[in-house]
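Chemist: Compact mmCIF, C-alpha atoms, saved as data16.txt, coming up:
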# COMPACT_ATOMS: atom_id res chain seq x y z
CA MET A 1 67.37 109.27 12.07
CA LYS A 2 69.48 106.87 10.13
CA SER A 3 73.05 106.31 11.18
CA THR A 4 75.80 105.13 8.92
CA ALA A 5 78.03 102.22 9.65
CA SER A 6 81.69 101.81 8.87
CA ILE A 7 82.51 98.29 9.96
CA CYS A 8 85.71 96.53 8.99
CA THR A 9 86.16 92.83 9.44
CA THR A 10 88.60 90.34 8.08
CA SER A 11 87.08 88.09 5.51
CA ILE A 12 88.22 85.04 3.63
CA PHE A 13 86.26 86.35 0.64
CA PRO A 14 88.13 89.31 -0.89
CA SER A 15 86.01 92.02 -2.52
CA GLU A 16 86.60 93.69 -5.88
CA ASN A 17 88.04 96.82 -4.25
CA PRO A 18 91.16 96.04 -2.16
CA GLU A 19 90.90 99.39 -0.32
CA THR A 20 87.55 98.48 1.23
CA ASP A 21 88.25 94.75 1.51
CA GLY A 22 86.17 93.44 4.38
CA CYS A 23 84.63 96.86 5.12
CA ILE A 24 81.11 98.18 4.84
CA VAL A 25 81.65 101.85 4.23
CA ASN A 26 78.90 104.39 5.02
CA LYS A 27 76.06 101.98 4.49
CA PRO A 28 72.87 103.26 6.17
CA HIS A 29 72.01 101.21 9.24
CA TYR A 30 68.48 99.84 9.29
CA GLU A 31 66.35 100.93 12.21
CA PRO A 32 63.00 99.19 12.54
CA PRO A 33 59.93 101.38 12.97
CA LYS A 34 58.90 102.12 16.55
CA GLN A 35 55.58 100.72 17.74
CA SER A 36 53.63 101.94 20.74
CA ALA A 37 52.83 99.69 23.68
CA PHE A 38 49.14 99.82 22.71
CA GLY A 39 50.04 98.71 19.17
CA GLN A 40 52.08 95.79 20.47
CA LEU A 41 49.27 94.77 22.84
CA PHE A 42 46.70 95.00 20.04
CA ASP A 43 48.90 92.95 17.68
CA SER A 44 49.48 90.28 20.33
CA LEU A 45 45.80 89.99 21.24
CA PHE A 46 44.76 89.97 17.58
CA LEU A 47 47.19 87.12 16.81
CA LEU A 48 46.02 85.23 19.90
CA ILE A 49 42.40 85.54 18.74
CA LEU A 50 43.37 84.31 15.26
CA VAL A 51 45.16 81.28 16.73
CA PHE A 52 42.16 80.36 18.89
CA ALA A 53 39.83 80.84 15.93
CA ALA A 54 42.00 78.60 13.74
CA LEU A 55 42.08 75.91 16.42
CA PHE A 56 38.42 75.97 17.44
CA THR A 57 36.74 76.47 14.05
CA PRO A 58 37.10 72.79 13.08
CA LEU A 59 35.55 71.81 16.42
CA TYR A 60 32.55 74.09 15.94
CA LEU A 61 32.07 72.87 12.38
CA LYS A 62 32.30 69.23 13.55
CA LEU A 63 35.29 68.61 11.28
CA ALA A 64 37.74 67.60 14.01
CA GLY A 65 38.45 64.14 15.27
CA GLY A 66 38.22 60.89 13.49
CA GLY A 67 35.27 58.61 13.59
CA LYS A 68 34.61 56.23 16.41
CA ILE A 69 34.09 52.52 16.13
CA ASP A 70 32.00 50.54 18.59
CA LEU A 71 33.54 47.16 19.31
CA PRO A 72 31.11 44.28 19.34
CA VAL A 73 30.78 42.63 22.77
CA ALA A 74 29.07 39.48 23.90
CA ASP A 75 27.06 41.09 26.70
CA ALA A 76 27.14 44.78 27.59
CA THR A 77 25.37 44.21 30.92
CA THR A 78 28.18 42.30 32.65
CA TRP A 79 31.85 43.02 33.29
CA ALA A 80 32.84 39.66 31.82
CA GLY A 81 30.78 40.37 28.71
CA LEU A 82 32.69 43.65 28.32
CA GLY A 83 36.01 41.80 28.60
CA GLN A 84 36.97 43.36 31.94
CA ASN A 85 38.91 41.42 34.58
CA ALA A 86 38.46 41.75 38.35
CA ALA A 87 41.04 44.55 38.72
CA GLN A 88 39.48 46.58 35.91
CA GLN A 89 36.00 45.96 37.32
CA ALA A 90 37.13 47.29 40.72
CA GLN A 91 38.50 50.46 39.14
CA TRP A 92 35.30 51.09 37.19
CA GLU A 93 33.28 50.59 40.37
CA LYS A 94 35.53 53.06 42.26
CA LEU A 95 34.49 55.60 39.64
CA GLY A 96 30.86 54.78 40.42
CA LEU A 97 30.14 53.12 37.12
CA THR A 98 28.16 49.99 36.35
CA PRO A 99 28.62 47.73 33.33
CA GLU A 100 25.76 49.52 31.57
CA THR A 101 27.18 53.02 32.16
CA ALA A 102 30.78 52.03 31.36
CA ALA A 103 29.90 50.05 28.22
CA GLY A 104 30.07 53.12 25.96
CA MET A 105 33.56 54.05 27.17
CA ILE A 106 34.86 50.48 27.01
CA THR A 107 33.57 49.60 23.56
CA SER A 108 34.18 52.95 21.84
CA ARG A 109 37.46 53.22 19.94
CA PHE A 110 38.87 55.96 17.73
CA ASP A 111 39.29 55.15 14.07
CA TYR A 112 42.91 55.95 13.21
CA SER A 113 42.71 54.98 9.55
CA PHE A 114 43.83 57.53 6.96
CA ASN A 115 43.90 57.98 3.23
CA VAL A 116 47.37 57.90 1.67
CA ALA A 117 46.34 60.26 -1.15
CA GLU A 118 45.05 62.86 1.34
CA LEU A 119 48.27 62.53 3.35
CA ALA A 120 50.33 63.07 0.19
CA ILE A 121 48.26 66.13 -0.78
CA THR A 122 48.73 67.58 2.71
CA ALA A 123 52.49 66.98 2.53
CA VAL A 124 52.71 68.66 -0.88
CA VAL A 125 50.75 71.69 0.36
CA VAL A 126 52.91 72.09 3.49
CA ILE A 127 56.19 71.61 1.63
CA GLY A 128 54.99 73.94 -1.15
CA TYR A 129 54.14 76.59 1.44
CA PHE A 130 57.66 76.49 2.87
CA VAL A 131 59.24 76.55 -0.60
CA LEU A 132 57.20 79.66 -1.47
CA LEU A 133 57.99 81.21 1.92
CA PHE A 134 61.73 80.85 1.39
CA ALA A 135 61.55 81.88 -2.28
CA PHE A 136 59.70 85.11 -1.47
CA SER A 137 61.84 85.79 1.59
CA LYS A 138 65.18 85.25 -0.13
CA ARG A 139 65.62 88.93 -0.99
CA GLU A 140 64.92 90.02 2.58
CA TYR A 141 67.32 87.40 3.95
CA ILE A 142 70.05 88.60 1.58
CA GLU A 143 69.53 92.23 2.66
CA VAL A 144 69.75 91.31 6.35
CA ILE A 145 72.90 89.25 5.83
CA GLU A 146 74.50 92.01 3.75
CA GLU A 147 73.72 94.60 6.42
CA ARG A 148 75.16 92.45 9.14
CA PHE A 149 78.18 90.91 7.38
CA GLY A 150 78.64 92.91 4.18
CA LYS A 151 78.49 91.82 0.57
CA LYS A 152 80.33 88.74 -0.55
Re-express the file's structure as structure tokens.

Modeler:
Amino acid sequence: MKSTASICTTSIFPSENPETDGCIVNKPHYEPPKQSAFGQLFDSLFLLILVFAALFTPLYLKLAGGGKIDLPVADATTWAGLGQNAAQQAQWEKLGLTPETAAGMITSRFDYSFNVAELAITAVVVIGYFVLLFAFSKREYIEVIEERFGKK
């Protein structure tokens, strides 16, 4: 059942009709549709599954993470050859690692290089998405503001 609202407020923007200045007269009040608890639970779980799928798909397709670079070392069989001092050597040994087993972790580095053109394309796509989002949502925003505060 829709109720009607008759709300009067003072406004600094006068309307065309001085009798209803600042008033919304008999405008139907919007009531959102009711959703069952099962429907809300289903929607929440469905969105959660979509989020996990969006996050894990690049991992399963081996598209995530940058490349790794192996640093050249003088000798991968000694701590000195790996560039580790006595304090670092002691910590590696506390973890139960030898120079041979720790060499992969010590010499492996992530490659943080990026392509400026790809970054620019990504920025254009994200900004374009938000521009479209606001352009398509403008009518809904105007309706919500008019319901809440009245027409200008």

Chemist: Just to confirm, what's the straight-line distance from atom CA of A:Met105 to atom CA of A:Pro58 in Å (one decimal)?

Modeler: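 Atom CA of A:Pro58 lies at a distance of 23.7 Å from atom CA of A:Met105.
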
Chemist: What's the separation between atom CA of A:Asp75 and atom CA of A:Ser113, in Å to one decimal place?

Modeler: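 So the two atoms, atom CA of A:Asp75 and atom CA of A:Ser113, lie 27.1 Å apart.
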
Chemist: If I take atom CA of A:Pro99 and atom CA of A:Gly67, how far is one from the other in Å, to one decimal?

Modeler: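 Between these atoms lies a distance of 23.5 Å.
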
Chemist: Identify which of the residues A:Leu61, A:Thr77, A:Ala87, A:Glu118 lies closest to A:Ala103, counting all atoms listed in the file when measuring atom-to-atom distances.

Modeler: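 Closest residue, counting all atoms listed in the file: A:Thr77.
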
Chemist: Please identify all polymer residues within 12 Å of A:Leu82, counting only C-alpha atoms, omitting same-chain residues fewer than 2 positions from it, and present them as JSON, numbers by chain.

Modeler: {"A": [70, 71, 72, 73, 74, 75, 76, 77, 78, 79, 80, 84, 85, 86, 88, 89, 92, 98, 99, 100, 101, 102, 103, 104, 105, 106, 107, 108]}

Chemist: Could you tell me which of A:Leu95, A:Lys62, A:Gln40, A:His29 comes closest to A:Val144 if we count all atoms listed in the file?

Modeler: A:His29
